[in-house]
>>> print(open('upload19.json').read())   # JSON, C-alpha atoms
[["chain", "number", "residue", "atom", "x", "y", "z"],
["A", 1, "MET", "CA", 65.55, 25.22, -17.37],
["A", 2, "ALA", "CA", 68.85, 26.75, -16.22],
["A", 3, "PHE", "CA", 69.30, 30.49, -16.67],
["A", 4, "THR", "CA", 72.02, 31.49, -19.19],
["A", 5, "GLU", "CA", 73.44, 34.92, -19.69],
["A", 6, "PRO", "CA", 72.29, 36.33, -23.03],
["A", 7, "THR", "CA", 74.96, 36.30, -25.72],
["A", 8, "GLY", "CA", 75.10, 38.70, -28.61],
["A", 9, "ARG", "CA", 73.89, 42.28, -28.85],
["A", 10, "GLN", "CA", 70.31, 41.45, -29.97],
["A", 11, "SER", "CA", 69.61, 38.79, -27.30],
["A", 12, "ALA", "CA", 70.91, 41.03, -24.51],
["A", 13, "ALA", "CA", 68.75, 43.90, -25.73],
["A", 14, "ASP", "CA", 65.74, 41.59, -25.91],
["A", 15, "TYR", "CA", 66.38, 40.47, -22.35],
["A", 16, "ARG", "CA", 66.61, 44.04, -21.05],
["A", 17, "TRP", "CA", 63.47, 44.98, -22.99],
["A", 18, "ALA", "CA", 61.51, 42.10, -21.48],
["A", 19, "GLU", "CA", 62.80, 42.95, -18.01],
["A", 20, "ASP", "CA", 61.84, 46.62, -18.45],
["A", 21, "LYS", "CA", 58.40, 45.63, -19.71],
["A", 22, "THR", "CA", 57.82, 43.42, -16.66],
["A", 23, "GLU", "CA", 59.01, 46.18, -14.34],
["A", 24, "HIS", "CA", 56.74, 48.66, -16.11],
["A", 25, "TRP", "CA", 53.50, 46.75, -15.56],
["A", 26, "LEU", "CA", 54.50, 45.71, -12.03],
["A", 27, "ALA", "CA", 55.03, 49.38, -11.20],
["A", 28, "GLN", "CA", 51.27, 49.71, -11.48],
["A", 29, "ALA", "CA", 51.00, 47.63, -8.32],
["A", 30, "ASP", "CA", 51.89, 50.74, -6.32],
["A", 31, "GLY", "CA", 48.58, 52.27, -7.42],
["A", 32, "ILE", "CA", 46.34, 49.30, -6.61],
["A", 33, "GLU", "CA", 43.79, 50.11, -3.92],
["A", 34, "PRO", "CA", 44.77, 48.48, -0.59],
["A", 35, "GLU", "CA", 41.39, 46.72, -0.39],
["A", 36, "VAL", "CA", 41.79, 45.21, -3.88],
["A", 37, "ALA", "CA", 45.39, 44.22, -3.08],
["A", 38, "GLN", "CA", 44.09, 42.41, 0.00],
["A", 39, "TYR", "CA", 41.45, 40.64, -2.11],
["A", 40, "PHE", "CA", 44.17, 39.41, -4.46],
["A", 41, "LEU", "CA", 46.60, 38.30, -1.74],
["A", 42, "VAL", "CA", 43.93, 36.44, 0.25],
["A", 43, "SER", "CA", 42.69, 34.69, -2.92],
["A", 44, "ALA", "CA", 46.25, 33.71, -3.78],
["A", 45, "ARG", "CA", 46.83, 32.39, -0.28],
["A", 46, "CYS", "CA", 43.55, 30.43, -0.07],
["A", 47, "GLY", "CA", 43.64, 29.03, -3.62],
["A", 48, "CYS", "CA", 39.84, 29.22, -3.61],
["A", 49, "PHE", "CA", 37.59, 32.20, -4.33],
["A", 50, "MET", "CA", 34.85, 30.88, -2.02],
["A", 51, "GLN", "CA", 37.18, 30.46, 0.96],
["A", 52, "ALA", "CA", 38.81, 33.84, 0.28],
["A", 53, "ALA", "CA", 35.37, 35.50, 0.25],
["A", 54, "ARG", "CA", 34.56, 33.85, 3.60],
["A", 55, "SER", "CA", 37.83, 35.08, 5.07],
["A", 56, "LEU", "CA", 37.17, 38.61, 3.81],
["A", 57, "ASN", "CA", 33.47, 38.50, 4.81],
["A", 58, "ILE", "CA", 32.26, 39.52, 1.35],
["A", 59, "LYS", "CA", 30.24, 37.78, -1.34],
["A", 60, "SER", "CA", 32.24, 35.65, -3.75],
["A", 61, "THR", "CA", 30.58, 37.41, -6.69],
["A", 62, "LEU", "CA", 31.96, 40.76, -5.46],
["A", 63, "LEU", "CA", 35.41, 39.26, -4.95],
["A", 64, "ARG", "CA", 35.55, 37.83, -8.48],
["A", 65, "LYS", "CA", 34.25, 41.09, -9.94],
["A", 66, "GLN", "CA", 37.01, 43.06, -8.20],
["A", 67, "LEU", "CA", 39.71, 40.62, -9.31],
["A", 68, "ALA", "CA", 38.43, 40.67, -12.89],
["A", 69, "ALA", "CA", 38.64, 44.48, -12.82],
["A", 70, "LEU", "CA", 42.20, 44.19, -11.49],
["A", 71, "GLU", "CA", 43.20, 41.90, -14.36],
["A", 72, "GLN", "CA", 41.67, 44.35, -16.82],
["A", 73, "GLN", "CA", 43.49, 47.25, -15.16],
["A", 74, "LEU", "CA", 46.86, 45.46, -15.39],
["A", 75, "ARG", "CA", 46.06, 43.78, -18.72],
["A", 76, "ARG", "CA", 47.38, 40.55, -17.30],
["A", 77, "SER", "CA", 45.83, 37.18, -16.49],
["A", 78, "LEU", "CA", 46.60, 36.55, -12.81],
["A", 79, "PHE", "CA", 44.94, 33.17, -12.16],
["A", 80, "ASN", "CA", 44.90, 29.72, -13.72],
["A", 81, "PHE", "CA", 42.57, 26.80, -13.06],
["A", 82, "GLN", "CA", 44.13, 23.34, -12.92],
["A", 83, "GLY", "CA", 41.14, 21.05, -12.61],
["A", 84, "SER", "CA", 39.29, 22.45, -9.61],
["A", 85, "ALA", "CA", 42.41, 24.04, -8.12],
["A", 86, "LEU", "CA", 43.04, 27.77, -8.38],
["A", 87, "THR", "CA", 46.66, 28.72, -8.98],
["A", 88, "LEU", "CA", 48.52, 31.90, -9.88],
["A", 89, "SER", "CA", 49.80, 32.52, -13.38],
["A", 90, "ARG", "CA", 53.40, 33.68, -13.90],
["A", 91, "GLU", "CA", 52.20, 37.29, -13.80],
["A", 92, "GLY", "CA", 50.11, 36.49, -10.73],
["A", 93, "LEU", "CA", 53.18, 35.16, -8.93],
["A", 94, "GLN", "CA", 55.09, 38.30, -9.87],
["A", 95, "LEU", "CA", 52.28, 40.52, -8.58],
["A", 96, "GLN", "CA", 52.01, 38.51, -5.37],
["A", 97, "ALA", "CA", 55.73, 39.02, -4.68],
["A", 98, "ARG", "CA", 55.48, 42.73, -5.46],
["A", 99, "LEU", "CA", 52.43, 43.31, -3.26],
["A", 100, "ALA", "CA", 53.96, 41.29, -0.42],
["A", 101, "THR", "CA", 57.08, 43.48, -0.62],
["A", 102, "LEU", "CA", 54.99, 46.66, -0.62],
["A", 103, "ALA", "CA", 52.95, 45.44, 2.35],
["A", 104, "HIS", "CA", 56.16, 44.72, 4.25],
["A", 105, "GLU", "CA", 57.63, 48.12, 3.38],
["A", 106, "ARG", "CA", 54.49, 49.95, 4.40],
["A", 107, "LYS", "CA", 54.18, 47.75, 7.51],
["A", 108, "LEU", "CA", 50.43, 47.64, 7.16],
["A", 109, "PRO", "CA", 48.87, 46.58, 10.48],
["A", 110, "LEU", "CA", 46.64, 43.54, 10.66],
["A", 111, "VAL", "CA", 42.99, 44.40, 11.14],
["A", 112, "GLU", "CA", 41.86, 42.90, 14.43],
["A", 113, "GLN", "CA", 38.27, 41.75, 14.56],
["A", 114, "PRO", "CA", 36.41, 42.65, 17.78],
["A", 115, "LEU", "CA", 35.60, 39.67, 19.99],
["A", 116, "VAL", "CA", 31.88, 39.14, 20.57],
["A", 117, "ARG", "CA", 30.90, 37.01, 23.56],
["A", 118, "LEU", "CA", 27.51, 35.33, 23.25],
["A", 119, "ALA", "CA", 26.03, 33.55, 26.27],
["A", 120, "VAL", "CA", 23.02, 31.32, 25.50],
["A", 121, "ALA", "CA", 20.83, 28.92, 27.45],
["A", 122, "GLU", "CA", 22.01, 25.45, 26.46],
["A", 123, "SER", "CA", 18.66, 24.22, 25.13],
["A", 124, "ILE", "CA", 18.14, 27.38, 23.04],
["A", 125, "LEU", "CA", 21.66, 27.09, 21.62],
["A", 126, "HIS", "CA", 21.09, 23.45, 20.67],
["A", 127, "ASP", "CA", 17.53, 23.65, 19.31],
["A", 128, "ILE", "CA", 17.19, 27.14, 17.85],
["A", 129, "LEU", "CA", 20.43, 29.08, 17.35],
["A", 130, "GLY", "CA", 22.96, 26.40, 16.50],
["A", 131, "ARG", "CA", 22.22, 26.17, 12.78],
["A", 132, "ASP", "CA", 22.08, 29.95, 12.34],
["A", 133, "LEU", "CA", 25.45, 30.39, 14.06],
["A", 134, "ILE", "CA", 26.98, 27.72, 11.83],
["A", 135, "SER", "CA", 25.58, 29.54, 8.80],
["A", 136, "LEU", "CA", 27.18, 32.78, 10.05],
["A", 137, "LEU", "CA", 30.57, 31.11, 10.36],
["A", 138, "ARG", "CA", 30.25, 29.65, 6.87],
["A", 139, "ARG", "CA", 29.73, 33.15, 5.48],
["A", 140, "ASN", "CA", 32.34, 34.92, 7.59],
["A", 141, "ALA", "CA", 35.55, 33.10, 8.44],
["A", 142, "SER", "CA", 37.10, 36.21, 10.00],
["A", 143, "VAL", "CA", 34.56, 36.66, 12.79],
["A", 144, "ARG", "CA", 35.77, 36.37, 16.41],
["A", 145, "LEU", "CA", 32.98, 34.80, 18.43],
["A", 146, "GLU", "CA", 32.99, 33.19, 21.85],
["A", 147, "ILE", "CA", 29.90, 31.07, 22.51],
["A", 148, "ILE", "CA", 29.15, 30.36, 26.16],
["A", 149, "SER", "CA", 26.57, 27.74, 27.05],
["A", 150, "LEU", "CA", 24.45, 28.55, 30.12],
["A", 151, "ASP", "CA", 23.28, 25.44, 31.93],
["A", 152, "SER", "CA", 22.25, 26.95, 35.27],
["A", 153, "GLU", "CA", 21.22, 30.16, 37.03],
["A", 154, "LEU", "CA", 24.63, 30.16, 38.72],
["A", 155, "ALA", "CA", 26.31, 30.18, 35.29],
["A", 156, "LEU", "CA", 24.07, 33.05, 34.21],
["A", 157, "GLN", "CA", 25.01, 35.08, 37.29],
["A", 158, "ALA", "CA", 28.73, 34.42, 36.80],
["A", 159, "VAL", "CA", 28.98, 35.01, 33.06],
["A", 160, "SER", "CA", 30.49, 38.07, 31.39],
["A", 161, "ALA", "CA", 29.22, 38.54, 27.83],
["A", 162, "ASP", "CA", 28.17, 41.06, 25.18],
["A", 163, "VAL", "CA", 24.87, 39.35, 24.36],
["A", 164, "VAL", "CA", 22.91, 37.13, 26.75],
["A", 165, "LEU", "CA", 19.97, 34.87, 25.91],
["A", 166, "TRP", "CA", 18.46, 33.10, 28.89],
["A", 167, "LEU", "CA", 15.36, 31.43, 30.25],
["A", 168, "ALA", "CA", 13.41, 32.83, 33.19],
["A", 169, "SER", "CA", 9.88, 33.17, 34.47],
["A", 170, "ALA", "CA", 7.20, 34.17, 31.99],
["A", 171, "CYS", "CA", 6.43, 37.30, 34.03],
["A", 172, "SER", "CA", 9.94, 38.50, 34.92],
["A", 173, "PRO", "CA", 13.47, 38.30, 33.44],
["A", 174, "LEU", "CA", 14.92, 37.81, 36.94],
["A", 175, "PRO", "CA", 17.27, 36.31, 37.83],
["A", 176, "GLY", "CA", 19.23, 37.76, 34.92],
["A", 177, "PRO", "CA", 22.85, 38.73, 34.18],
["A", 178, "SER", "CA", 24.76, 40.34, 37.04],
["A", 179, "PHE", "CA", 26.18, 43.18, 34.89],
["A", 180, "ALA", "CA", 24.45, 46.28, 33.49],
["A", 181, "THR", "CA", 22.46, 45.55, 30.33],
["A", 182, "SER", "CA", 19.95, 47.07, 27.98],
["A", 183, "PRO", "CA", 16.32, 46.48, 29.07],
["A", 184, "PRO", "CA", 15.66, 42.73, 28.64],
["A", 185, "ARG", "CA", 13.41, 41.82, 25.71],
["A", 186, "SER", "CA", 11.08, 38.84, 25.62],
["A", 187, "LEU", "CA", 11.51, 36.76, 22.46],
["A", 188, "ALA", "CA", 9.21, 33.80, 23.03],
["A", 189, "ARG", "CA", 7.17, 31.91, 25.60],
["A", 190, "LEU", "CA", 7.92, 28.23, 25.97],
["A", 191, "ASP", "CA", 5.32, 25.73, 27.14],
["A", 192, "TYR", "CA", 6.70, 22.51, 28.60],
["A", 193, "ALA", "CA", 5.23, 19.01, 28.50],
["A", 194, "PRO", "CA", 6.43, 15.41, 28.87],
["A", 195, "HIS", "CA", 7.60, 13.94, 25.54],
["A", 196, "ILE", "CA", 8.14, 10.45, 24.21],
["A", 197, "ALA", "CA", 9.54, 9.05, 20.98],
["A", 198, "LYS", "CA", 6.79, 8.09, 18.54],
["A", 199, "ARG", "CA", 8.37, 4.72, 17.82],
["A", 200, "TYR", "CA", 8.03, 3.65, 21.45],
["A", 201, "SER", "CA", 4.36, 4.55, 21.86],
["A", 202, "ARG", "CA", 1.38, 3.57, 19.73],
["A", 203, "VAL", "CA", -1.37, 6.15, 19.53],
["A", 204, "ALA", "CA", -3.91, 3.95, 21.32],
["A", 205, "ALA", "CA", -1.51, 3.14, 24.16],
["A", 206, "ARG", "CA", 0.05, 6.51, 24.87],
["A", 207, "PRO", "CA", -0.07, 7.60, 28.53],
["A", 208, "ASP", "CA", -2.94, 9.99, 29.22],
["A", 209, "SER", "CA", -2.67, 10.19, 33.03],
["A", 210, "LEU", "CA", 0.09, 10.38, 35.62],
["A", 211, "ASP", "CA", -0.69, 6.83, 36.72],
["A", 212, "ASP", "CA", 0.05, 5.59, 33.21],
["A", 213, "LEU", "CA", 3.61, 6.87, 33.56],
["A", 214, "ALA", "CA", 4.38, 4.13, 36.10],
["A", 215, "ASP", "CA", 5.27, 1.77, 33.27],
["A", 216, "TYR", "CA", 7.83, 4.13, 31.76],
["A", 217, "MET", "CA", 11.32, 5.26, 32.65],
["A", 218, "LEU", "CA", 11.44, 9.01, 33.37],
["A", 219, "VAL", "CA", 14.51, 11.06, 32.47],
["A", 220, "GLN", "CA", 15.26, 14.44, 34.00],
["A", 221, "TRP", "CA", 17.77, 17.08, 32.97],
["A", 222, "GLN", "CA", 19.55, 18.09, 36.18],
["A", 223, "HIS", "CA", 19.45, 21.76, 35.17],
["A", 224, "ASP", "CA", 15.63, 21.68, 35.46],
["A", 225, "ARG", "CA", 15.52, 20.37, 39.03],
["A", 226, "PRO", "CA", 15.61, 23.74, 40.84],
["A", 227, "ILE", "CA", 13.33, 25.53, 38.34],
["A", 228, "ALA", "CA", 10.15, 26.61, 40.15],
["A", 229, "ASP", "CA", 8.18, 26.97, 36.90],
["A", 230, "LEU", "CA", 8.69, 23.23, 36.29],
["A", 231, "ARG", "CA", 7.67, 22.13, 39.79],
["A", 232, "PRO", "CA", 4.85, 19.69, 38.78],
["A", 233, "TRP", "CA", 7.26, 17.59, 36.74],
["A", 234, "ASN", "CA", 10.09, 17.85, 39.26],
["A", 235, "GLU", "CA", 7.84, 16.70, 42.11],
["A", 236, "LEU", "CA", 6.73, 13.69, 40.06],
["A", 237, "VAL", "CA", 10.35, 12.71, 39.43],
["A", 238, "GLU", "CA", 11.31, 13.20, 43.09],
["A", 239, "GLN", "CA", 8.53, 10.84, 44.19],
["A", 240, "ARG", "CA", 9.86, 8.05, 42.02],
["A", 241, "LEU", "CA", 11.50, 5.18, 43.93],
["A", 242, "ALA", "CA", 12.57, 3.46, 40.70],
["A", 243, "GLY", "CA", 12.48, 3.99, 36.96],
["A", 244, "VAL", "CA", 14.18, 7.39, 36.83],
["A", 245, "VAL", "CA", 17.49, 8.63, 35.42],
["A", 246, "GLN", "CA", 19.16, 12.01, 35.93],
["A", 247, "VAL", "CA", 21.41, 13.43, 33.20],
["A", 248, "GLN", "CA", 23.75, 16.42, 33.14],
["A", 249, "ALA", "CA", 23.81, 17.09, 29.39],
["A", 250, "TYR", "CA", 20.87, 18.36, 27.36],
["A", 251, "GLU", "CA", 21.88, 16.33, 24.29],
["A", 252, "LEU", "CA", 21.89, 13.17, 26.41],
["A", 253, "LEU", "CA", 18.38, 14.01, 27.63],
["A", 254, "LEU", "CA", 17.19, 14.12, 24.01],
["A", 255, "GLU", "CA", 19.04, 10.92, 23.16],
["A", 256, "MET", "CA", 17.52, 9.05, 26.11],
["A", 257, "ILE", "CA", 14.02, 10.04, 24.96],
["A", 258, "ARG", "CA", 14.74, 9.20, 21.31],
["A", 259, "CYS", "CA", 16.44, 5.85, 21.86],
["A", 260, "SER", "CA", 15.64, 4.47, 25.33],
["A", 261, "ALA", "CA", 11.84, 4.63, 25.53],
["A", 262, "CYS", "CA", 12.17, 7.28, 28.25],
["A", 263, "ILE", "CA", 9.72, 10.11, 28.90],
["A", 264, "GLY", "CA", 11.23, 13.50, 29.62],
["A", 265, "LEU", "CA", 10.18, 17.12, 29.97],
["A", 266, "LEU", "CA", 10.85, 19.29, 26.90],
["A", 267, "PRO", "CA", 9.66, 22.57, 25.37],
["A", 268, "HIS", "CA", 6.56, 22.08, 23.23],
["A", 269, "TYR", "CA", 8.41, 23.25, 20.09],
["A", 270, "ILE", "CA", 10.67, 20.21, 20.18],
["A", 271, "SER", "CA", 8.39, 18.21, 17.88],
["A", 272, "ARG", "CA", 9.11, 20.86, 15.21],
["A", 273, "TYR", "CA", 12.84, 20.37, 15.75],
["A", 274, "ASP", "CA", 12.61, 16.56, 15.88],
["A", 275, "ARG", "CA", 9.49, 15.07, 14.33],
["A", 276, "GLY", "CA", 10.25, 11.75, 15.97],
["A", 277, "LEU", "CA", 9.22, 13.18, 19.35],
["A", 278, "ILE", "CA", 5.65, 13.78, 20.45],
["A", 279, "ALA", "CA", 4.16, 15.64, 23.41],
["A", 280, "LEU", "CA", 1.94, 14.00, 26.02],
["A", 281, "PRO", "CA", -0.46, 16.85, 26.86],
["A", 282, "GLY", "CA", -3.01, 16.91, 29.63],
["A", 283, "LEU", "CA", -0.97, 14.97, 32.19],
["A", 284, "PHE", "CA", -0.60, 18.04, 34.46],
["A", 285, "THR", "CA", -3.34, 20.50, 35.36],
["A", 286, "VAL", "CA", -0.85, 23.26, 36.19],
["A", 287, "PRO", "CA", 0.87, 24.77, 33.10],
["A", 288, "MET", "CA", 4.66, 24.81, 32.97],
["A", 289, "GLN", "CA", 5.99, 27.85, 31.13],
["A", 290, "ARG", "CA", 9.22, 29.79, 30.73],
["A", 291, "GLN", "CA", 10.21, 32.88, 28.77],
["A", 292, "VAL", "CA", 13.20, 33.51, 26.50],
["A", 293, "TRP", "CA", 14.86, 36.84, 27.37],
["A", 294, "LEU", "CA", 17.51, 38.78, 25.44],
["A", 295, "ALA", "CA", 19.76, 41.58, 26.73],
["A", 296, "VAL", "CA", 22.91, 43.34, 25.54],
["A", 297, "ASN", "CA", 25.79, 44.41, 27.74],
["A", 298, "ALA", "CA", 25.45, 48.18, 28.33],
["A", 299, "GLN", "CA", 29.06, 48.66, 27.21],
["A", 300, "SER", "CA", 28.49, 46.81, 23.91],
["A", 301, "THR", "CA", 25.33, 48.42, 22.55],
["A", 302, "ASP", "CA", 27.22, 50.55, 19.99],
["A", 303, "SER", "CA", 29.21, 47.67, 18.50],
["A", 304, "ALA", "CA", 28.30, 46.79, 14.90],
["A", 305, "GLU", "CA", 29.45, 43.20, 15.47],
["A", 306, "VAL", "CA", 27.19, 42.87, 18.51],
["A", 307, "ARG", "CA", 24.25, 44.30, 16.57],
["A", 308, "GLU", "CA", 24.86, 41.68, 13.88],
["A", 309, "ILE", "CA", 24.57, 38.89, 16.46],
["A", 310, "VAL", "CA", 21.40, 40.42, 17.92],
["A", 311, "GLU", "CA", 19.91, 40.63, 14.43],
["A", 312, "LEU", "CA", 20.79, 36.98, 13.83],
["A", 313, "ILE", "CA", 18.98, 36.01, 17.04],
["A", 314, "ASP", "CA", 15.91, 38.09, 16.20],
["A", 315, "ASN", "CA", 15.74, 36.55, 12.73],
["A", 316, "ALA", "CA", 16.12, 33.02, 14.11],
["A", 317, "PHE", "CA", 13.15, 33.47, 16.44],
["A", 318, "HIS", "CA", 11.09, 35.28, 13.80],
["A", 319, "GLU", "CA", 11.62, 32.49, 11.27],
["A", 320, "ARG", "CA", 10.49, 29.94, 13.88],
["A", 321, "ARG", "CA", 7.62, 32.00, 15.32],
["A", 322, "GLU", "CA", 5.17, 29.17, 14.57],
["A", 323, "TRP", "CA", 7.13, 26.98, 16.95],
["A", 324, "PHE", "CA", 6.05, 29.10, 19.90],
["A", 325, "GLU", "CA", 2.34, 29.51, 19.14]]
>>> encode(input="upload19.json", output="structure tokens")
Amino acid sequence: MAFTEPTGRQSAADYRWAEDKTEHWLAQADGIEPEVAQYFLVSARCGCFMQAARSLNIKSTLLRKQLAALEQQLRRSLFNFQGSALTLSREGLQLQARLATLAHERKLPLVEQPLVRLAVAESILHDILGRDLISLLRRNASVRLEIISLDSELALQAVSADVVLWLASACSPLPGPSFATSPPRSLARLDYAPHIAKRYSRVAARPDSLDDLADYMLVQWQHDRPIADLRPWNELVEQRLAGVVQVQAYELLLEMIRCSACIGLLPHYISRYDRGLIALPGLFTVPMQRQVWLAVNAQSTDSAEVREIVELIDNAFHERREWFE
């Protein structure tokens, strides 16, 4: 509808009264707490309370409670629902414009989130931490996180990170990160054994000696080749003149075992992660074990964001403690 200048004394007075009334309630925007103003503006921008809560790293129930209190304070309805879409009411649009103007006038600086660098052994990242990290990102869309996959001792020595999670000997964390860290903590001991997919091996016909492996393709993750703790398996693979495949990627190793009737060396917990895989114990007389070690960069120990990541890691291993027994 086109705007027309009011005609007549009463209509002009009504127009000025309505304008003054709008200006009066909008003036209250100056007194809105900056945090609540941010809640409103982010919700308006996202068009979704859940996404806004993720961006603000707060619970959606708290966000909606704060916005309901804001509406009560202003005595205005600020949001409308059109189907499943969240939109601003006329008053909401007016408040959004006012708060945006105030923010520009005050030149409020953007809050920069500290970057947390997490370096993790590739197998641990894939099998144990991946889901927990995804859950963290679902809850907090404002986090700044760099995830570095460690696929070799050389990568571990070269990495620069705030939190490091790596595999080493069961009796020593060395070789570890090349920078100064907090004292390394042991999180779990991993026992290794050859594994096969259940669908490719009937119980009565499963290999129970090294000679029985002659009829199967062996698959080896290249990262494991220089690992002294895994020498019995590595020597078996090296002796093979046929029926062996080397892979560079851990996910491909798992896929070869799942889908290609291959036998490969995996941590014993893997059957908890993928119930389609089963261990072949007793093939080697010498145990193959490694330890999961955790350390924090000495310069990052006071960071709340780093402590949050360390707590996430501790919880992930605690929740899966039965995997390592």
>>> closest_residue(input="upload19.json", among="A:Gly282, A:Gly31, A:Pro232, A:Pro173", to="A:Asp208", atoms="all atoms listed in the file")
A:Gly282
>>> residues_near_point(input="upload19.json", point="(30.6, 30.7, 8.4)", cutoff="12 Å", atoms="all atoms listed in the file", output="list in words")
Met50, Gln51, Ala52, Ala53, Arg54, Ser55, Leu56, Asn57, Ile58, Gly130, Arg131, Asp132, Leu133, Ile134, Ser135, Leu136, Leu137, Arg138, Arg139, Asn140, Ala141, Ser142, Val143, Arg144 and Leu145 of chain A
>>> closest_residue(input="upload19.json", among="A:Ala197, A:Leu26, A:Ile313, A:Ile257", to="A:Val120", atoms="only C-alpha atoms")
A:Ile313
>>> residues_around(input="upload19.json", residues="A:Leu115", least_positions_apart="4", cutoff="12 Å", atoms="all atoms listed in the file", output="VMD selection string")
chain A and resid 142 to 147 161 to 163 300 303 to 306 309
>>> atom_distance(input="upload19.json", atom1="atom CA of A:Tyr216", atom2="atom CA of A:Gly276")
17.7 Å
>>> residues_around(input="upload19.json", residues="stretch 285-293 of chain A", least_positions_apart="5", cutoff="9 Å", atoms="only C-alpha atoms", output="ChimeraX atom specification")
/A:121,124,164-173,176,184-193,229-233,267
>>> atom_distance(input="upload19.json", atom1="atom CA of A:Leu88", atom2="atom CA of A:Asp30")
19.5 Å
>>> atom_distance(input="upload19.json", atom1="atom CA of A:Phe179", atom2="atom CA of A:Ala119")
12.9 Å
>>> closest_residue(input="upload19.json", among="A:Pro114, A:Thr181, A:Val42, A:Ala69", to="A:Gln299", atoms="only C-alpha atoms")
A:Thr181
>>> residues_around(input="upload19.json", residues="A:Leu70", least_positions_apart="5", cutoff="10 Å", atoms="only C-alpha atoms", output="PyMOL selection string")
chain A and resi 29+32-33+36-37+40+64-65+75-78
>>> closest_residue(input="upload19.json", among="A:Ala242, A:His268, A:Ala295, A:Ser60", to="A:Ser178", atoms="all atoms listed in the file")
A:Ala295
>>> closest_residue(input="upload19.json", among="A:Pro183, A:Pro34, A:Pro177, A:Gly264", to="A:Leu236", atoms="all atoms listed in the file")
A:Gly264
>>> closest_residue(input="upload19.json", among="A:Glu112, A:Cys48, A:Val245, A:Lys198", to="A:Met217", atoms="all atoms listed in the file")
A:Val245
>>> axis_aligned_box(input="upload19.json", around="stretch 286-304 of chain A", padding_each_side="8 Å", output="JSON")
{"center_x": 14.2, "center_y": 36.9, "center_z": 25.5, "size_x": 46.1, "size_y": 43.3, "size_z": 37.3}
